[in-house]
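Listing of work_33.cif; format and content: mmCIF, N, CA and C atoms.
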```cif
data_target
#
loop_
_atom_site.label_atom_id
_atom_site.label_comp_id
_atom_site.auth_asym_id
_atom_site.auth_seq_id
_atom_site.Cartn_x
_atom_site.Cartn_y
_atom_site.Cartn_z
N MET M 783 1.08 19.44 0.04
CA MET M 783 0.79 18.53 -1.05
C MET M 783 1.98 17.63 -1.31
N ASN M 784 1.69 16.36 -1.55
CA ASN M 784 2.73 15.37 -1.75
C ASN M 784 2.89 15.10 -3.25
N THR M 785 4.12 15.09 -3.75
CA THR M 785 4.32 14.87 -5.19
C THR M 785 4.26 13.40 -5.56
N ASP M 786 4.65 12.51 -4.63
CA ASP M 786 4.61 11.07 -4.93
C ASP M 786 3.96 10.31 -3.77
N PRO M 787 2.64 10.16 -3.80
CA PRO M 787 1.94 9.51 -2.69
C PRO M 787 2.33 8.04 -2.49
N ILE M 788 2.69 7.34 -3.57
CA ILE M 788 3.07 5.93 -3.44
C ILE M 788 4.40 5.81 -2.71
N ALA M 789 5.35 6.70 -3.02
CA ALA M 789 6.64 6.69 -2.32
C ALA M 789 6.42 7.03 -0.84
N ASP M 790 5.49 7.94 -0.55
CA ASP M 790 5.17 8.28 0.84
C ASP M 790 4.61 7.06 1.56
N TYR M 791 3.71 6.33 0.91
CA TYR M 791 3.13 5.09 1.47
C TYR M 791 4.23 4.09 1.80
N LEU M 792 5.12 3.84 0.83
CA LEU M 792 6.19 2.86 1.04
C LEU M 792 7.15 3.31 2.14
N THR M 793 7.44 4.61 2.20
CA THR M 793 8.35 5.14 3.22
C THR M 793 7.73 5.03 4.61
N ARG M 794 6.45 5.28 4.73
CA ARG M 794 5.78 5.13 6.03
C ARG M 794 5.84 3.68 6.51
N VAL M 795 5.63 2.72 5.60
CA VAL M 795 5.71 1.31 5.96
C VAL M 795 7.15 0.95 6.35
N ARG M 796 8.12 1.40 5.55
CA ARG M 796 9.54 1.12 5.81
C ARG M 796 9.97 1.69 7.17
N ASN M 797 9.58 2.94 7.46
CA ASN M 797 9.94 3.56 8.73
C ASN M 797 9.28 2.86 9.92
N ALA M 798 8.03 2.43 9.76
CA ALA M 798 7.33 1.73 10.83
C ALA M 798 8.00 0.39 11.13
N ILE M 799 8.48 -0.29 10.09
CA ILE M 799 9.18 -1.57 10.28
C ILE M 799 10.50 -1.34 11.01
N LYS M 800 11.23 -0.31 10.60
CA LYS M 800 12.52 -0.02 11.26
C LYS M 800 12.34 0.35 12.73
N ALA M 801 11.19 0.98 13.07
CA ALA M 801 10.91 1.38 14.45
C ALA M 801 10.15 0.30 15.22
N ASN M 802 9.94 -0.88 14.59
CA ASN M 802 9.23 -2.02 15.18
C ASN M 802 7.81 -1.68 15.63
N HIS M 803 7.11 -0.85 14.85
CA HIS M 803 5.71 -0.54 15.15
C HIS M 803 4.83 -1.70 14.72
N ARG M 804 3.70 -1.84 15.39
CA ARG M 804 2.74 -2.88 15.03
C ARG M 804 1.78 -2.38 13.94
N VAL M 805 1.33 -1.11 14.07
CA VAL M 805 0.33 -0.55 13.16
C VAL M 805 0.85 0.77 12.60
N VAL M 806 0.56 1.01 11.32
CA VAL M 806 0.92 2.28 10.70
C VAL M 806 -0.33 2.85 10.00
N GLU M 807 -0.54 4.16 10.16
CA GLU M 807 -1.68 4.83 9.51
C GLU M 807 -1.19 5.59 8.29
N ILE M 808 -1.90 5.43 7.18
CA ILE M 808 -1.51 6.04 5.91
C ILE M 808 -2.74 6.69 5.29
N PRO M 809 -2.60 7.93 4.75
CA PRO M 809 -3.74 8.53 4.03
C PRO M 809 -4.15 7.66 2.84
N ALA M 810 -5.43 7.48 2.64
CA ALA M 810 -5.93 6.52 1.65
C ALA M 810 -6.07 7.13 0.26
N SER M 811 -5.92 6.26 -0.74
CA SER M 811 -6.29 6.53 -2.13
C SER M 811 -6.61 5.16 -2.73
N ASN M 812 -7.24 5.16 -3.89
CA ASN M 812 -7.63 3.88 -4.48
C ASN M 812 -6.42 3.02 -4.82
N LEU M 813 -5.35 3.62 -5.35
CA LEU M 813 -4.15 2.87 -5.69
C LEU M 813 -3.48 2.30 -4.45
N LYS M 814 -3.42 3.10 -3.37
CA LYS M 814 -2.82 2.62 -2.11
C LYS M 814 -3.63 1.47 -1.53
N LYS M 815 -4.96 1.52 -1.67
CA LYS M 815 -5.82 0.43 -1.18
C LYS M 815 -5.52 -0.85 -1.95
N GLU M 816 -5.33 -0.74 -3.26
CA GLU M 816 -5.04 -1.92 -4.08
C GLU M 816 -3.67 -2.51 -3.73
N ILE M 817 -2.67 -1.64 -3.51
CA ILE M 817 -1.33 -2.11 -3.12
C ILE M 817 -1.41 -2.83 -1.78
N THR M 818 -2.19 -2.27 -0.84
CA THR M 818 -2.37 -2.89 0.48
C THR M 818 -3.00 -4.27 0.35
N LYS M 819 -4.00 -4.41 -0.52
CA LYS M 819 -4.65 -5.71 -0.73
C LYS M 819 -3.66 -6.74 -1.27
N VAL M 820 -2.80 -6.32 -2.22
CA VAL M 820 -1.79 -7.23 -2.79
C VAL M 820 -0.80 -7.66 -1.71
N LEU M 821 -0.33 -6.71 -0.88
CA LEU M 821 0.60 -7.04 0.20
C LEU M 821 -0.02 -8.02 1.19
N PHE M 822 -1.33 -7.86 1.47
CA PHE M 822 -2.02 -8.76 2.39
C PHE M 822 -2.17 -10.16 1.79
N GLU M 823 -2.57 -10.22 0.50
CA GLU M 823 -2.76 -11.51 -0.17
C GLU M 823 -1.47 -12.31 -0.23
N LYS M 824 -0.35 -11.62 -0.39
CA LYS M 824 0.95 -12.30 -0.50
C LYS M 824 1.60 -12.53 0.86
N GLY M 825 0.96 -12.11 1.95
CA GLY M 825 1.44 -12.42 3.29
C GLY M 825 2.53 -11.52 3.82
N TYR M 826 2.66 -10.31 3.27
CA TYR M 826 3.68 -9.38 3.76
C TYR M 826 3.18 -8.52 4.92
N ILE M 827 1.86 -8.37 5.05
CA ILE M 827 1.30 -7.65 6.20
C ILE M 827 0.28 -8.54 6.89
N ALA M 828 0.09 -8.31 8.20
CA ALA M 828 -0.80 -9.17 8.99
C ALA M 828 -2.27 -8.87 8.70
N ASN M 829 -2.62 -7.56 8.63
CA ASN M 829 -4.01 -7.19 8.42
C ASN M 829 -4.07 -5.73 7.97
N TYR M 830 -5.24 -5.30 7.52
CA TYR M 830 -5.43 -3.90 7.14
C TYR M 830 -6.89 -3.52 7.36
N LYS M 831 -7.11 -2.21 7.49
CA LYS M 831 -8.47 -1.71 7.68
C LYS M 831 -8.58 -0.35 7.00
N PHE M 832 -9.63 -0.18 6.20
CA PHE M 832 -9.88 1.09 5.54
C PHE M 832 -10.87 1.87 6.40
N GLU M 833 -10.49 3.09 6.81
CA GLU M 833 -11.37 3.93 7.61
C GLU M 833 -11.78 5.14 6.80
N GLU M 834 -13.09 5.36 6.72
CA GLU M 834 -13.62 6.50 5.96
C GLU M 834 -13.88 7.65 6.92
N ASN M 835 -12.84 8.42 7.26
CA ASN M 835 -13.03 9.61 8.09
C ASN M 835 -12.52 10.81 7.32
N GLY M 836 -13.40 11.79 7.15
CA GLY M 836 -13.04 12.97 6.37
C GLY M 836 -13.16 12.70 4.88
N PRO M 837 -12.63 13.61 4.07
CA PRO M 837 -12.78 13.46 2.61
C PRO M 837 -11.90 12.34 2.04
N GLN M 838 -10.76 12.06 2.69
CA GLN M 838 -9.81 11.11 2.11
C GLN M 838 -9.88 9.74 2.76
N GLY M 839 -9.93 9.69 4.07
CA GLY M 839 -9.91 8.42 4.79
C GLY M 839 -8.48 7.97 5.03
N THR M 840 -8.34 6.92 5.85
CA THR M 840 -7.01 6.39 6.16
C THR M 840 -7.00 4.89 6.01
N ILE M 841 -5.79 4.36 5.84
CA ILE M 841 -5.57 2.91 5.81
C ILE M 841 -4.75 2.59 7.05
N LYS M 842 -5.24 1.66 7.87
CA LYS M 842 -4.48 1.18 9.02
C LYS M 842 -3.90 -0.18 8.63
N VAL M 843 -2.57 -0.26 8.60
CA VAL M 843 -1.89 -1.49 8.20
C VAL M 843 -1.23 -2.09 9.43
N ALA M 844 -1.57 -3.36 9.73
CA ALA M 844 -0.93 -4.09 10.82
C ALA M 844 0.25 -4.85 10.22
N LEU M 845 1.45 -4.50 10.66
CA LEU M 845 2.66 -5.11 10.10
C LEU M 845 2.88 -6.50 10.67
N LYS M 846 3.56 -7.34 9.89
CA LYS M 846 3.74 -8.74 10.26
C LYS M 846 5.18 -8.99 10.69
N TYR M 847 5.33 -9.62 11.84
CA TYR M 847 6.65 -9.99 12.36
C TYR M 847 6.65 -11.47 12.71
N HIS M 848 7.83 -12.11 12.69
CA HIS M 848 7.96 -13.50 13.11
C HIS M 848 7.66 -13.57 14.61
N PRO M 849 6.84 -14.53 15.07
CA PRO M 849 6.43 -14.54 16.48
C PRO M 849 7.59 -14.74 17.47
N ILE M 850 8.62 -15.47 17.10
CA ILE M 850 9.72 -15.76 18.03
C ILE M 850 10.89 -14.81 17.83
N THR M 851 11.37 -14.69 16.59
CA THR M 851 12.58 -13.89 16.33
C THR M 851 12.29 -12.41 16.12
N LYS M 852 11.00 -12.03 15.96
CA LYS M 852 10.58 -10.63 15.75
C LYS M 852 11.18 -10.01 14.47
N VAL M 853 11.50 -10.85 13.49
CA VAL M 853 12.02 -10.36 12.21
C VAL M 853 10.83 -9.96 11.35
N PRO M 854 10.84 -8.75 10.74
CA PRO M 854 9.70 -8.33 9.92
C PRO M 854 9.55 -9.17 8.65
N ALA M 855 8.30 -9.33 8.19
CA ALA M 855 8.02 -10.08 6.96
C ALA M 855 8.55 -9.33 5.74
N ILE M 856 8.49 -7.99 5.78
CA ILE M 856 9.01 -7.17 4.69
C ILE M 856 10.46 -6.83 5.00
N ARG M 857 11.38 -7.42 4.26
CA ARG M 857 12.80 -7.12 4.45
C ARG M 857 13.17 -5.84 3.72
N SER M 858 12.62 -5.66 2.52
CA SER M 858 12.91 -4.47 1.73
C SER M 858 11.68 -4.13 0.89
N ILE M 859 11.41 -2.83 0.77
CA ILE M 859 10.30 -2.35 -0.07
C ILE M 859 10.78 -1.09 -0.78
N ASN M 860 10.94 -1.19 -2.11
CA ASN M 860 11.56 -0.12 -2.89
C ASN M 860 10.65 0.37 -3.99
N ARG M 861 10.59 1.69 -4.16
CA ARG M 861 9.85 2.32 -5.27
C ARG M 861 10.68 2.18 -6.53
N ILE M 862 10.08 1.79 -7.64
CA ILE M 862 10.80 1.62 -8.90
C ILE M 862 10.42 2.72 -9.90
N SER M 863 9.15 2.81 -10.23
CA SER M 863 8.69 3.82 -11.18
C SER M 863 8.40 5.11 -10.43
N LYS M 864 9.19 6.14 -10.69
CA LYS M 864 9.03 7.42 -10.00
C LYS M 864 8.36 8.42 -10.93
N PRO M 865 7.80 9.52 -10.39
CA PRO M 865 7.16 10.51 -11.27
C PRO M 865 8.12 11.12 -12.29
N GLY M 866 9.40 11.22 -11.94
CA GLY M 866 10.38 11.79 -12.87
C GLY M 866 10.85 10.81 -13.92
N LEU M 867 10.76 9.50 -13.62
CA LEU M 867 11.21 8.47 -14.56
C LEU M 867 10.33 7.25 -14.39
N ARG M 868 9.33 7.14 -15.23
CA ARG M 868 8.40 6.01 -15.17
C ARG M 868 9.06 4.76 -15.73
N LYS M 869 8.81 3.61 -15.10
CA LYS M 869 9.36 2.33 -15.57
C LYS M 869 8.19 1.42 -15.93
N TYR M 870 8.19 0.98 -17.18
CA TYR M 870 7.15 0.08 -17.66
C TYR M 870 7.77 -1.25 -18.04
N ALA M 871 7.00 -2.32 -17.89
CA ALA M 871 7.49 -3.64 -18.26
C ALA M 871 6.41 -4.34 -19.09
N GLY M 872 6.83 -4.87 -20.22
CA GLY M 872 5.93 -5.66 -21.04
C GLY M 872 5.89 -7.08 -20.52
N MET M 873 5.12 -7.93 -21.18
CA MET M 873 5.00 -9.32 -20.74
C MET M 873 6.35 -10.02 -20.80
N ASP M 874 7.16 -9.72 -21.83
CA ASP M 874 8.44 -10.41 -22.01
C ASP M 874 9.56 -9.81 -21.15
N THR M 875 9.44 -8.55 -20.72
CA THR M 875 10.50 -7.92 -19.92
C THR M 875 10.10 -7.78 -18.45
N MET M 876 9.21 -8.65 -17.99
CA MET M 876 8.73 -8.58 -16.61
C MET M 876 9.87 -8.86 -15.63
N PRO M 877 10.04 -8.01 -14.60
CA PRO M 877 11.15 -8.22 -13.65
C PRO M 877 10.92 -9.42 -12.74
N ARG M 878 12.02 -10.08 -12.35
CA ARG M 878 11.97 -11.15 -11.34
C ARG M 878 12.72 -10.63 -10.12
N VAL M 879 12.04 -10.54 -9.00
CA VAL M 879 12.62 -9.99 -7.78
C VAL M 879 13.21 -11.14 -6.96
N LEU M 880 14.48 -11.05 -6.62
CA LEU M 880 15.21 -12.09 -5.88
C LEU M 880 15.01 -13.47 -6.52
N ASN M 881 15.07 -13.50 -7.84
CA ASN M 881 14.91 -14.73 -8.61
C ASN M 881 13.59 -15.45 -8.30
N GLY M 882 12.54 -14.68 -8.08
CA GLY M 882 11.21 -15.25 -7.86
C GLY M 882 10.80 -15.32 -6.40
N LEU M 883 11.70 -15.01 -5.45
CA LEU M 883 11.34 -15.07 -4.03
C LEU M 883 10.57 -13.82 -3.58
N GLY M 884 10.83 -12.68 -4.20
CA GLY M 884 10.10 -11.45 -3.88
C GLY M 884 9.02 -11.21 -4.92
N ILE M 885 8.31 -10.08 -4.77
CA ILE M 885 7.28 -9.73 -5.76
C ILE M 885 7.53 -8.32 -6.28
N ALA M 886 7.11 -8.10 -7.52
CA ALA M 886 7.05 -6.76 -8.09
C ALA M 886 5.57 -6.43 -8.20
N ILE M 887 5.17 -5.26 -7.71
CA ILE M 887 3.77 -4.85 -7.80
C ILE M 887 3.63 -3.96 -9.03
N LEU M 888 2.71 -4.34 -9.92
CA LEU M 888 2.50 -3.63 -11.17
C LEU M 888 1.11 -3.03 -11.23
N SER M 889 1.02 -1.88 -11.90
CA SER M 889 -0.27 -1.27 -12.19
C SER M 889 -0.54 -1.54 -13.66
N THR M 890 -1.50 -2.40 -13.94
CA THR M 890 -1.79 -2.79 -15.31
C THR M 890 -3.18 -2.28 -15.71
N SER M 891 -3.54 -2.53 -16.96
CA SER M 891 -4.87 -2.15 -17.42
C SER M 891 -5.96 -3.00 -16.76
N LYS M 892 -5.57 -4.15 -16.20
CA LYS M 892 -6.52 -5.04 -15.51
C LYS M 892 -6.45 -4.87 -14.00
N GLY M 893 -5.82 -3.78 -13.53
CA GLY M 893 -5.75 -3.51 -12.09
C GLY M 893 -4.36 -3.72 -11.55
N VAL M 894 -4.22 -3.54 -10.23
CA VAL M 894 -2.93 -3.70 -9.56
C VAL M 894 -2.73 -5.17 -9.25
N MET M 895 -1.56 -5.71 -9.63
CA MET M 895 -1.28 -7.14 -9.41
C MET M 895 0.22 -7.37 -9.31
N THR M 896 0.59 -8.60 -8.97
CA THR M 896 2.01 -8.95 -8.88
C THR M 896 2.54 -9.32 -10.26
N ASP M 897 3.87 -9.46 -10.34
CA ASP M 897 4.49 -9.81 -11.62
C ASP M 897 4.05 -11.20 -12.09
N LYS M 898 3.88 -12.14 -11.17
CA LYS M 898 3.46 -13.50 -11.54
C LYS M 898 2.05 -13.50 -12.12
N GLU M 899 1.15 -12.76 -11.48
CA GLU M 899 -0.23 -12.67 -11.97
C GLU M 899 -0.29 -12.00 -13.34
N ALA M 900 0.55 -10.97 -13.53
CA ALA M 900 0.59 -10.27 -14.82
C ALA M 900 1.09 -11.20 -15.93
N ARG M 901 2.09 -12.04 -15.60
CA ARG M 901 2.59 -13.01 -16.59
C ARG M 901 1.50 -14.00 -16.97
N GLN M 902 0.74 -14.46 -15.98
CA GLN M 902 -0.33 -15.43 -16.25
C GLN M 902 -1.44 -14.81 -17.10
N GLN M 903 -1.74 -13.53 -16.84
CA GLN M 903 -2.81 -12.85 -17.59
C GLN M 903 -2.30 -12.22 -18.88
N ASN M 904 -0.97 -12.35 -19.13
CA ASN M 904 -0.35 -11.88 -20.37
C ASN M 904 -0.51 -10.37 -20.56
N VAL M 905 -0.28 -9.59 -19.45
CA VAL M 905 -0.35 -8.13 -19.53
C VAL M 905 0.92 -7.53 -18.96
N GLY M 906 1.24 -6.34 -19.41
CA GLY M 906 2.36 -5.56 -18.86
C GLY M 906 1.81 -4.31 -18.20
N GLY M 907 2.71 -3.51 -17.64
CA GLY M 907 2.25 -2.28 -17.00
C GLY M 907 3.38 -1.55 -16.32
N GLU M 908 3.01 -0.59 -15.47
CA GLU M 908 3.98 0.22 -14.75
C GLU M 908 4.45 -0.53 -13.49
N VAL M 909 5.76 -0.66 -13.32
CA VAL M 909 6.33 -1.35 -12.16
C VAL M 909 6.35 -0.36 -11.00
N LEU M 910 5.44 -0.54 -10.03
CA LEU M 910 5.34 0.39 -8.92
C LEU M 910 6.45 0.18 -7.89
N CYS M 911 6.62 -1.06 -7.43
CA CYS M 911 7.62 -1.31 -6.39
C CYS M 911 8.03 -2.78 -6.35
N TYR M 912 9.17 -3.02 -5.68
CA TYR M 912 9.66 -4.37 -5.39
C TYR M 912 9.49 -4.60 -3.89
N VAL M 913 9.01 -5.80 -3.53
CA VAL M 913 8.87 -6.16 -2.11
C VAL M 913 9.50 -7.52 -1.91
N TYR M 914 10.35 -7.64 -0.89
CA TYR M 914 10.88 -8.95 -0.50
C TYR M 914 11.31 -8.90 0.96
#
```

Structure re-expressed in structure tokens:
Amino acid sequence: MNTDPIADYLTRVRNAIKANHRVVEIPASNLKKEITKVLFEKGYIANYKFEENGPQGTIKVALKYHPITKVPAIRSINRISKPGLRKYAGMDTMPRVLNGLGIAILSTSKGVMTDKEARQQNVGGEVLCYVY
């Protein structure tokens, strides 16, 4: 049993990038699916596929690299709110990652979204991770 499935998800992606893998398989959950959708919408991953095999299913994430220099699109992906110390941000205390160049993924009452989307919708929530 895993105590922090989101940290496991981020670590699997981080390790796959360091090993220059094209595809990484991750056990699925609804929150992980939403984080994957946000990463795809913002252009940090090339593609994704949800496979329903067994009770849990898996997420296949195709990682994105620069076609010529082979530099990964995700330079850093860090967990912020941990099970031992939750981090919440209101509308006014919303974090800016790399002065707006990166994204913070938040879990809000209106679903999983980026910090910019949360500011526009005037909601706060739990800061799951920083991606840049």

Within 12 Å of Lys815 in chain M using only C-alpha atoms, minus same-chain residues under 3 positions, as a list of chain:residue names: M:Ile788, M:Tyr791, M:Ile808, M:Pro809, M:Ala810, M:Ser811, M:Asn812, M:Thr818, M:Lys819, M:Val820, M:Leu821, M:Phe822, M:Tyr830, M:Lys831, M:Phe832, M:Glu833, M:Gln838, M:Gly839, M:Thr840, M:Ile841, M:Lys842, M:Val843, M:Gly893, M:Val894

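Counting only C-alpha atoms, the residue from M:Arg868, M:Lys852, M:Lys892, M:Arg804 that sits nearest to Ala828 in chain M is M:Arg804.
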
Residue neighbourhood Arg901 in chain M, 8 Å, all atoms listed in the file, exclusion window fewer than 6 positions, as JSON, numbers by chain: {"M": [872, 873, 874, 876]}

Residues matched by the PyMOL selection byres ((chain M and resi 846) around 5) as a ChimeraX atom specification: /M:827-828,844-845,847-848,854-855

Selection under test: the PyMOL selection byres (((chain M and resi 910 and name CA) around 9) and name CA); residues as a list in words: Ile788, Asn860, Arg861, Ile862, Ser863, Lys864, Arg868, Lys869, Tyr870, Ala886, Ile887, Leu888, Ser889, Glu908, Val909, Cys911 and Tyr912 of chain M

Residue among M:Thr851, M:Asn829, M:Asn835, M:Ser858 lying closest to Val913 in chain M, counting only C-alpha atoms: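 Among the listed residues, the smallest separation from Val913 in chain M belongs to M:Ser858.
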
Per-residue DSSP, chain M, filtered to strand (DSSP E or B), as a ChimeraX atom specification: /M:805-809,827-833,840-845,847,854,859-861,870-871,885-890,893-896,907-913

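Take atom N of Val805 in chain M and atom N of Asp790 in chain M: the distance between them is 17.7 Å.
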
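For the atom pair formed by atom N of Gly866 in chain M and CA of Leu813 in chain M, the distance is 17.1 Å, given to one decimal.
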
If you run DSSP on this backbone, which residues of chain M come out as helix (DSSP H, G or I), and could you give them as a short mmCIF file (atom, residue, chain, number, x, y, z; two decimals) with N, CA and C atoms, in the frame of the given file?
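Generated output (selection.cif):
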```
data_model
loop_
_atom_site.label_atom_id
_atom_site.label_comp_id
_atom_site.auth_asym_id
_atom_site.auth_seq_id
_atom_site.Cartn_x
_atom_site.Cartn_y
_atom_site.Cartn_z
N PRO M 787 2.64 10.16 -3.80
CA PRO M 787 1.94 9.51 -2.69
C PRO M 787 2.33 8.04 -2.49
N ILE M 788 2.69 7.34 -3.57
CA ILE M 788 3.07 5.93 -3.44
C ILE M 788 4.40 5.81 -2.71
N ALA M 789 5.35 6.70 -3.02
CA ALA M 789 6.64 6.69 -2.32
C ALA M 789 6.42 7.03 -0.84
N ASP M 790 5.49 7.94 -0.55
CA ASP M 790 5.17 8.28 0.84
C ASP M 790 4.61 7.06 1.56
N TYR M 791 3.71 6.33 0.91
CA TYR M 791 3.13 5.09 1.47
C TYR M 791 4.23 4.09 1.80
N LEU M 792 5.12 3.84 0.83
CA LEU M 792 6.19 2.86 1.04
C LEU M 792 7.15 3.31 2.14
N THR M 793 7.44 4.61 2.20
CA THR M 793 8.35 5.14 3.22
C THR M 793 7.73 5.03 4.61
N ARG M 794 6.45 5.28 4.73
CA ARG M 794 5.78 5.13 6.03
C ARG M 794 5.84 3.68 6.51
N VAL M 795 5.63 2.72 5.60
CA VAL M 795 5.71 1.31 5.96
C VAL M 795 7.15 0.95 6.35
N ARG M 796 8.12 1.40 5.55
CA ARG M 796 9.54 1.12 5.81
C ARG M 796 9.97 1.69 7.17
N ASN M 797 9.58 2.94 7.46
CA ASN M 797 9.94 3.56 8.73
C ASN M 797 9.28 2.86 9.92
N ALA M 798 8.03 2.43 9.76
CA ALA M 798 7.33 1.73 10.83
C ALA M 798 8.00 0.39 11.13
N ILE M 799 8.48 -0.29 10.09
CA ILE M 799 9.18 -1.57 10.28
C ILE M 799 10.50 -1.34 11.01
N LYS M 800 11.23 -0.31 10.60
CA LYS M 800 12.52 -0.02 11.26
C LYS M 800 12.34 0.35 12.73
N ASN M 812 -7.24 5.16 -3.89
CA ASN M 812 -7.63 3.88 -4.48
C ASN M 812 -6.42 3.02 -4.82
N LEU M 813 -5.35 3.62 -5.35
CA LEU M 813 -4.15 2.87 -5.69
C LEU M 813 -3.48 2.30 -4.45
N LYS M 814 -3.42 3.10 -3.37
CA LYS M 814 -2.82 2.62 -2.11
C LYS M 814 -3.63 1.47 -1.53
N LYS M 815 -4.96 1.52 -1.67
CA LYS M 815 -5.82 0.43 -1.18
C LYS M 815 -5.52 -0.85 -1.95
N GLU M 816 -5.33 -0.74 -3.26
CA GLU M 816 -5.04 -1.92 -4.08
C GLU M 816 -3.67 -2.51 -3.73
N ILE M 817 -2.67 -1.64 -3.51
CA ILE M 817 -1.33 -2.11 -3.12
C ILE M 817 -1.41 -2.83 -1.78
N THR M 818 -2.19 -2.27 -0.84
CA THR M 818 -2.37 -2.89 0.48
C THR M 818 -3.00 -4.27 0.35
N LYS M 819 -4.00 -4.41 -0.52
CA LYS M 819 -4.65 -5.71 -0.73
C LYS M 819 -3.66 -6.74 -1.27
N VAL M 820 -2.80 -6.32 -2.22
CA VAL M 820 -1.79 -7.23 -2.79
C VAL M 820 -0.80 -7.66 -1.71
N LEU M 821 -0.33 -6.71 -0.88
CA LEU M 821 0.60 -7.04 0.20
C LEU M 821 -0.02 -8.02 1.19
N PHE M 822 -1.33 -7.86 1.47
CA PHE M 822 -2.02 -8.76 2.39
C PHE M 822 -2.17 -10.16 1.79
N GLU M 823 -2.57 -10.22 0.50
CA GLU M 823 -2.76 -11.51 -0.17
C GLU M 823 -1.47 -12.31 -0.23
N VAL M 879 12.04 -10.54 -9.00
CA VAL M 879 12.62 -9.99 -7.78
C VAL M 879 13.21 -11.14 -6.96
N LEU M 880 14.48 -11.05 -6.62
CA LEU M 880 15.21 -12.09 -5.88
C LEU M 880 15.01 -13.47 -6.52
N ASN M 881 15.07 -13.50 -7.84
CA ASN M 881 14.91 -14.73 -8.61
C ASN M 881 13.59 -15.45 -8.30
N GLY M 882 12.54 -14.68 -8.08
CA GLY M 882 11.21 -15.25 -7.86
C GLY M 882 10.80 -15.32 -6.40
N ASP M 897 3.87 -9.46 -10.34
CA ASP M 897 4.49 -9.81 -11.62
C ASP M 897 4.05 -11.20 -12.09
N LYS M 898 3.88 -12.14 -11.17
CA LYS M 898 3.46 -13.50 -11.54
C LYS M 898 2.05 -13.50 -12.12
N GLU M 899 1.15 -12.76 -11.48
CA GLU M 899 -0.23 -12.67 -11.97
C GLU M 899 -0.29 -12.00 -13.34
N ALA M 900 0.55 -10.97 -13.53
CA ALA M 900 0.59 -10.27 -14.82
C ALA M 900 1.09 -11.20 -15.93
N ARG M 901 2.09 -12.04 -15.60
CA ARG M 901 2.59 -13.01 -16.59
C ARG M 901 1.50 -14.00 -16.97
N GLN M 902 0.74 -14.46 -15.98
CA GLN M 902 -0.33 -15.43 -16.25
C GLN M 902 -1.44 -14.81 -17.10
N GLN M 903 -1.74 -13.53 -16.84
CA GLN M 903 -2.81 -12.85 -17.59
C GLN M 903 -2.30 -12.22 -18.88
#
```

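Taking atom N of Lys898 in chain M and atom C of Glu823 in chain M as endpoints, the distance between them is 12.2 Å.
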
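In terms of minimum interatomic distance to Arg794 in chain M, M:Val806 ranks closest within M:Met895, M:Ile817, M:Val905, M:Val806, counting all atoms listed in the file.
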